[in-house]
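Novice: Questions regarding the structure given below will be posed in turn.
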Amino acid sequence: MDHAAFAESARAGAAAWDAGAGLPAEVVRSVADAGFLAADLPVEHGGRGWSATEVGELCASLGGVCSALRALVTVQGMVAAAVLRWGDRGQRAAWLPALAGGDRLAAFAATETGAGTDLSAVDTEISATPGGLRVRGRKVWVTFGQSADVFLVLARSGGGLRTALVEADRPGVTVEPVTGQLGMRAARIANVRFDDVTIPAANAIAPPGYGLSHVAGTALDHGRFTVAWGCVGIAESCLDHTATHVGTRTQGGARLADHDAVRALLGRCLAEARAARAVCAHAAALRERGEPAAIAETVLAKYTASRAATAVSEHAVRLHGSAGIAPDSTVGRLHRDAVVMRIIEGPDEVAERHLGDHALRRRR
Amino acid sequence: MSSQFSPQEVDGDVLRQVRAFFDTALPGNAIGADDDYFALGVVNSLMALEMVTHVERAFGLRVETEDLELDNFRTMNNMARFVERKLAAARG
C-alpha cells in the first residue's frame, strides 16, 4: 500500500485514538509492515533506501491525518538516524534491521524538567559500574515512551554529554504515561525514570563529549525534517477540509465561500501551505545532495512549516465555526497538534537565533 | 622537519578546504590554524555537525564513530591532519 492510501485508511480511526488510549499496537504494527519505519535506512541495514523527499512525502500524508502516526515515523527515524550515523558496525547490525522492521520500537529520551530547549543542562547521569554503565535520572515528554522497547538517552558523564541505548525491560526503568496534554494525545507520551539501570558498555553510542552535538544533533536534525513535513500535511489537510466546508455550507441562502472575506482567508491559507511545502522541498533537496547547509535549512523548514500549520489550522477552526471547536472536530485536533509542533525539536525563538546566524553567513 | 610541535606537515590544499568551511560559516573570522575554536566559543551546536558534513563532502570520506576524538576536530590543522590520515588509510 502506498502512503497516501495508508493515510486514507487511518482517517476513520484518528479521532478515537486521540480521544482514547492512543495509537493501538495493531496500527503501529501495520505501519511497520507497510515499510514506513526508518524507510530511509540503506537496504543493507533493513531499510528501503528512501530519499529525503520520499520520507517527507510520507510524513505529509500521515501528518495530514494523524500526528501520532507521523510522530511514530519521526521517533523511529530519529533513533535509527543516530545509530546509523554514530553507531559502530556491531551496533548498526544489532539495532538497525530491528528498528526498520518495527521489531524494536524506539524513543528519544532527552528532555528533563530542568533541560528542554537547553539540553546541555541534562541532569541524568551515565557512569561506569562493574559490568558496564549505570543510568540514573528522569526524562519527560518522551514521545511513544509508553510503547518503546528501547530509549536513546542523553545524559551527562565524566567526559561530557553522552548517549546510550537503554532497553525498556531492564530493571530500574519505570514508564509513567502522560495524558490530557494539549495535542499529540495519541502519541503514547511518557515520563521515564531510570533508577540505577545497568546497561552493557556496548550500548553507549559514540564517545563522551559527542552526545549532544553529534548523536542528539543527528537525531534532532532528522526529527525537525519529519516534523516539518508533518506540518505541511497539517496545513494542506486543514486547507482541504476548510475549502470543502466553506464551499458547501450555506448561511442565509449564501455559501460561506460567497463572502469575500472568507475567500481571502482561504487564499492566505493556500499561500501559507504552498510556501511551507516549498521550503520543506528545498531542505529535502539539500539533504539529498549532502550539503552542510541542509542542517540550517532543515531548521528553517521546521520553523516555517510549523508556523504555517498553526496559522492555517487556526483559520480552519474559525471558518468551521462551532463545528471547529466541537469535540469531534478534525481541524480542531489538527490545530491542537500544530501548536505542539511549534515547541518540539526547538521553539520558534531558538530557530530564529540559528537562522540569524545562517543569514549572516550567507552575506557575500 | 618534525618536532613535538608539528608532528606532521599539513598539506596546504587540505588546509585550504578545511578553512573554506570556517570562512563560509563565520565570515570575517580571524581563527588561526592552531586555534581551538571550541575553546574560543565560536562554534555553535549546529556547526559541529555541519563541519562533519563539510569534511565528508569536500574529501569524499566518511567520519566514523571511531574518529570522534575531540583532538581531530579541535583546530583546523588537526582536522587537516585527520583528513590526510583518513585519505592515506583509504588509499591503503
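Naming scheme: A, B, ... for chains in displayed order of the C-alpha cells; residues 1 onward per chain; ligands 1 onward as shown.
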Fewer than 3 positions away in the same chain doesn't count, so skip those; otherwise give me all residues within 9 Å of Gly159 (chain A), counting only C-alpha atoms, as a PyMOL selection string.
Specialist: chain A and resi 156+162+207-209
Novice: Please identify all polymer residues within 9 Å of Thr218 (chain A), counting only C-alpha atoms, omitting same-chain residues fewer than 4 positions from it, and present them as a list in words.
Specialist: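 Within the cut-off, the hits are Met78, Val79, Ala81, Ala82, Arg85, Trp86, Leu212, Ser213, His214, His222 and Gly223 of chain A; Leu49 of chain B.
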Novice: Would you put the residues from that selection into a file with all heavy atoms, as a compact mmCIF listing (two decimals), in the first residue's frame?
Specialist:
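Full text of selection.txt as output:
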# COMPACT_ATOMS: atom_id res chain seq x y z
N MET A 78 14.40 9.10 14.04
CA MET A 78 15.44 9.84 14.78
C MET A 78 16.47 8.89 15.37
O MET A 78 17.69 9.10 15.24
CB MET A 78 14.80 10.65 15.92
CG MET A 78 13.98 11.84 15.47
SD MET A 78 13.04 12.59 16.84
CE MET A 78 14.34 13.48 17.71
N VAL A 79 15.99 7.86 16.04
CA VAL A 79 16.92 6.93 16.69
C VAL A 79 17.70 6.14 15.64
O VAL A 79 18.91 5.94 15.76
CB VAL A 79 16.17 6.01 17.67
CG1 VAL A 79 17.10 4.96 18.25
CG2 VAL A 79 15.53 6.83 18.79
N ALA A 81 18.47 7.13 12.62
CA ALA A 81 19.45 8.03 12.01
C ALA A 81 20.69 8.18 12.90
O ALA A 81 21.83 8.18 12.41
CB ALA A 81 18.82 9.39 11.72
N ALA A 82 20.45 8.30 14.21
CA ALA A 82 21.57 8.47 15.14
C ALA A 82 22.44 7.21 15.20
O ALA A 82 23.67 7.30 15.23
CB ALA A 82 21.04 8.82 16.53
N ARG A 85 24.37 6.84 11.92
CA ARG A 85 25.45 7.82 11.77
C ARG A 85 26.58 7.60 12.77
O ARG A 85 27.75 7.73 12.43
CB ARG A 85 24.86 9.23 11.95
CG ARG A 85 25.79 10.34 11.55
CD ARG A 85 25.95 10.30 10.05
NE ARG A 85 26.99 11.19 9.55
CZ ARG A 85 28.30 10.93 9.62
NH1 ARG A 85 28.72 9.84 10.20
NH2 ARG A 85 29.19 11.75 9.11
N TRP A 86 26.24 7.28 14.01
CA TRP A 86 27.25 7.26 15.07
C TRP A 86 27.40 5.94 15.79
O TRP A 86 28.18 5.82 16.72
CB TRP A 86 27.01 8.40 16.07
CG TRP A 86 27.04 9.73 15.38
CD1 TRP A 86 26.00 10.61 15.25
CD2 TRP A 86 28.14 10.31 14.67
NE1 TRP A 86 26.39 11.70 14.52
CE2 TRP A 86 27.71 11.55 14.15
CE3 TRP A 86 29.47 9.91 14.43
CZ2 TRP A 86 28.53 12.39 13.39
CZ3 TRP A 86 30.29 10.74 13.67
CH2 TRP A 86 29.81 11.97 13.17
N LEU A 212 25.54 15.31 22.70
CA LEU A 212 24.60 16.35 22.30
C LEU A 212 24.87 16.84 20.87
O LEU A 212 24.00 16.79 20.02
CB LEU A 212 24.64 17.52 23.28
CG LEU A 212 23.70 18.69 22.96
CD1 LEU A 212 22.25 18.23 22.85
CD2 LEU A 212 23.82 19.79 24.02
N SER A 213 26.10 17.29 20.62
CA SER A 213 26.40 17.92 19.33
C SER A 213 26.25 16.95 18.17
O SER A 213 25.78 17.32 17.10
CB SER A 213 27.81 18.50 19.34
OG SER A 213 28.76 17.48 19.62
N HIS A 214 26.64 15.69 18.37
CA HIS A 214 26.65 14.77 17.23
C HIS A 214 25.50 13.76 17.25
O HIS A 214 24.78 13.64 16.27
CB HIS A 214 28.00 14.04 17.17
CG HIS A 214 29.12 14.96 16.76
ND1 HIS A 214 29.49 16.04 17.52
CD2 HIS A 214 29.93 14.97 15.67
CE1 HIS A 214 30.49 16.68 16.90
NE2 HIS A 214 30.77 16.05 15.79
N HIS A 222 17.07 15.03 12.07
CA HIS A 222 16.14 14.14 11.39
C HIS A 222 14.71 14.40 11.87
O HIS A 222 13.76 14.44 11.07
CB HIS A 222 16.53 12.68 11.65
CG HIS A 222 15.93 11.70 10.68
ND1 HIS A 222 14.65 11.23 10.81
CD2 HIS A 222 16.44 11.12 9.56
CE1 HIS A 222 14.40 10.39 9.80
NE2 HIS A 222 15.46 10.31 9.03
N GLY A 223 14.57 14.62 13.17
CA GLY A 223 13.25 14.90 13.74
C GLY A 223 12.66 16.19 13.20
O GLY A 223 11.47 16.25 12.87
N LEU B 49 28.05 19.57 13.60
CA LEU B 49 27.59 18.56 12.63
C LEU B 49 27.85 19.01 11.19
O LEU B 49 28.20 18.20 10.34
CB LEU B 49 26.08 18.34 12.78
CG LEU B 49 25.61 17.16 13.63
CD1 LEU B 49 24.10 17.01 13.47
CD2 LEU B 49 26.31 15.86 13.26
Novice: Output as JSON lines one row per residue of chain B within 12 Å of chain A: the closest atom pair and its distance in Å to one decimal place, counting only C-alpha atoms, sorted by chain and residue number ascending.
Specialist:
{"residue": "B:Phe21", "atom": "CA", "partner": "A:Pro292", "partner_atom": "CA", "distance": 9.2}
{"residue": "B:Phe22", "atom": "CA", "partner": "A:Arg361", "partner_atom": "CA", "distance": 9.7}
{"residue": "B:Asp23", "atom": "CA", "partner": "A:Arg361", "partner_atom": "CA", "distance": 8.6}
{"residue": "B:Thr24", "atom": "CA", "partner": "A:Arg361", "partner_atom": "CA", "distance": 6.0}
{"residue": "B:Ala25", "atom": "CA", "partner": "A:Arg361", "partner_atom": "CA", "distance": 5.4}
{"residue": "B:Leu26", "atom": "CA", "partner": "A:Arg361", "partner_atom": "CA", "distance": 6.0}
{"residue": "B:Pro27", "atom": "CA", "partner": "A:Arg361", "partner_atom": "CA", "distance": 5.9}
{"residue": "B:Gly28", "atom": "CA", "partner": "A:Arg361", "partner_atom": "CA", "distance": 9.5}
{"residue": "B:Asn29", "atom": "CA", "partner": "A:Arg361", "partner_atom": "CA", "distance": 10.8}
{"residue": "B:Phe38", "atom": "CA", "partner": "A:Ser213", "partner_atom": "CA", "distance": 11.8}
{"residue": "B:Val42", "atom": "CA", "partner": "A:Asp357", "partner_atom": "CA", "distance": 11.3}
{"residue": "B:Val43", "atom": "CA", "partner": "A:Ser213", "partner_atom": "CA", "distance": 10.7}
{"residue": "B:Asn44", "atom": "CA", "partner": "A:His354", "partner_atom": "CA", "distance": 8.8}
{"residue": "B:Ser45", "atom": "CA", "partner": "A:Ser213", "partner_atom": "CA", "distance": 5.5}
{"residue": "B:Leu46", "atom": "CA", "partner": "A:Ser213", "partner_atom": "CA", "distance": 7.1}
{"residue": "B:Met47", "atom": "CA", "partner": "A:Ser213", "partner_atom": "CA", "distance": 8.7}
{"residue": "B:Ala48", "atom": "CA", "partner": "A:Ser213", "partner_atom": "CA", "distance": 6.3}
{"residue": "B:Leu49", "atom": "CA", "partner": "A:His214", "partner_atom": "CA", "distance": 6.0}
{"residue": "B:Glu50", "atom": "CA", "partner": "A:Pro292", "partner_atom": "CA", "distance": 4.8}
{"residue": "B:Met51", "atom": "CA", "partner": "A:Pro292", "partner_atom": "CA", "distance": 7.3}
{"residue": "B:Val52", "atom": "CA", "partner": "A:Pro292", "partner_atom": "CA", "distance": 8.2}
{"residue": "B:Thr53", "atom": "CA", "partner": "A:Pro292", "partner_atom": "CA", "distance": 5.3}
{"residue": "B:His54", "atom": "CA", "partner": "A:Pro292", "partner_atom": "CA", "distance": 5.6}
{"residue": "B:Val55", "atom": "CA", "partner": "A:Pro292", "partner_atom": "CA", "distance": 9.3}
{"residue": "B:Glu56", "atom": "CA", "partner": "A:Gly290", "partner_atom": "CA", "distance": 9.0}
{"residue": "B:Arg57", "atom": "CA", "partner": "A:Gly290", "partner_atom": "CA", "distance": 7.1}
{"residue": "B:Ala58", "atom": "CA", "partner": "A:Glu291", "partner_atom": "CA", "distance": 10.0}
{"residue": "B:Gly60", "atom": "CA", "partner": "A:Gly290", "partner_atom": "CA", "distance": 11.1}
{"residue": "B:Arg62", "atom": "CA", "partner": "A:Arg85", "partner_atom": "CA", "distance": 9.8}
{"residue": "B:Val63", "atom": "CA", "partner": "A:Arg85", "partner_atom": "CA", "distance": 8.8}
{"residue": "B:Glu64", "atom": "CA", "partner": "A:Trp86", "partner_atom": "CA", "distance": 6.7}
{"residue": "B:Thr65", "atom": "CA", "partner": "A:Trp86", "partner_atom": "CA", "distance": 5.0}
{"residue": "B:Glu66", "atom": "CA", "partner": "A:Asp88", "partner_atom": "CA", "distance": 7.6}
{"residue": "B:Asp67", "atom": "CA", "partner": "A:Ala206", "partner_atom": "CA", "distance": 9.5}
{"residue": "B:Leu68", "atom": "CA", "partner": "A:Pro207", "partner_atom": "CA", "distance": 6.9}
{"residue": "B:Glu69", "atom": "CA", "partner": "A:Pro207", "partner_atom": "CA", "distance": 7.8}
{"residue": "B:Leu70", "atom": "CA", "partner": "A:Gly209", "partner_atom": "CA", "distance": 7.9}
{"residue": "B:Asp71", "atom": "CA", "partner": "A:Gly209", "partner_atom": "CA", "distance": 11.6}
{"residue": "B:Phe73", "atom": "CA", "partner": "A:Tyr210", "partner_atom": "CA", "distance": 11.5}
Novice: Report the distance between CA of Asp149 (chain A) and CA of Asp169 (chain A) in Å, rounded to one decimal place.
Specialist: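 Straight-line distance from CA of Asp149 (chain A) to CA of Asp169 (chain A) works out to 7.3 Å.
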Novice: Between CA of Thr248 (chain A) and CA of Ala311 (chain A), what is the distance, to one decimal in Å?
Specialist: 22.5 Å
Novice: Please provide as a CSV table (one decimal) with N, CA and C atoms, in the first residue's frame all residues within 9 Å of Thr75 (chain B), with the sequence filter that same-chain residues fewer than 2 positions apart are discarded (counting only C-alpha atoms).
Specialist:
chain,number,residue,atom,x,y,z
B,32,GLY,N,43.0,31.2,13.8
B,32,GLY,CA,44.3,30.7,13.3
B,32,GLY,C,44.2,29.2,13.1
B,33,ALA,N,45.2,28.7,12.3
B,33,ALA,CA,45.2,27.2,12.0
B,33,ALA,C,45.3,26.4,13.2
B,34,ASP,N,45.9,26.9,14.3
B,34,ASP,CA,46.1,26.1,15.5
B,34,ASP,C,45.2,26.6,16.7
B,35,ASP,N,44.3,27.5,16.4
B,35,ASP,CA,43.4,28.0,17.4
B,35,ASP,C,42.3,26.9,17.7
B,36,ASP,N,42.0,26.7,18.9
B,36,ASP,CA,40.9,25.8,19.4
B,36,ASP,C,39.6,26.6,19.3
B,37,TYR,N,38.9,26.4,18.2
B,37,TYR,CA,37.6,27.2,18.0
B,37,TYR,C,36.5,26.8,19.0
B,38,PHE,N,36.6,25.5,19.5
B,38,PHE,CA,35.6,25.2,20.6
B,38,PHE,C,35.9,26.0,21.8
B,71,ASP,N,40.4,15.9,19.6
B,71,ASP,CA,41.6,16.4,19.0
B,71,ASP,C,41.5,16.5,17.5
B,72,ASN,N,40.7,15.5,16.9
B,72,ASN,CA,40.6,15.5,15.5
B,72,ASN,C,39.9,16.7,14.9
B,73,PHE,N,39.1,17.3,15.7
B,73,PHE,CA,38.2,18.4,15.2
B,73,PHE,C,38.5,19.8,15.9
B,77,ASN,N,44.3,22.8,11.8
B,77,ASN,CA,45.5,21.9,11.5
B,77,ASN,C,45.2,20.5,11.9
B,78,ASN,N,44.6,20.3,13.0
B,78,ASN,CA,44.2,19.0,13.5
B,78,ASN,C,43.3,18.3,12.5
B,79,MET,N,42.3,19.1,12.0
B,79,MET,CA,41.3,18.5,11.1
B,79,MET,C,42.0,18.1,9.8
B,80,ALA,N,42.9,19.0,9.4
B,80,ALA,CA,43.6,18.7,8.1
B,80,ALA,C,44.5,17.4,8.3
Novice: Go through A:Ala110, A:Val312, A:Leu133, A:Val262 one by one, measure the shortest atom-to-atom distance of each to Arg193 (chain A) using only C-alpha atoms, and give the residue with the smallest value.
Specialist: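 Ranking A:Ala110, A:Val312, A:Leu133, A:Val262 by distance to Arg193 (chain A), first place goes to A:Ala110.
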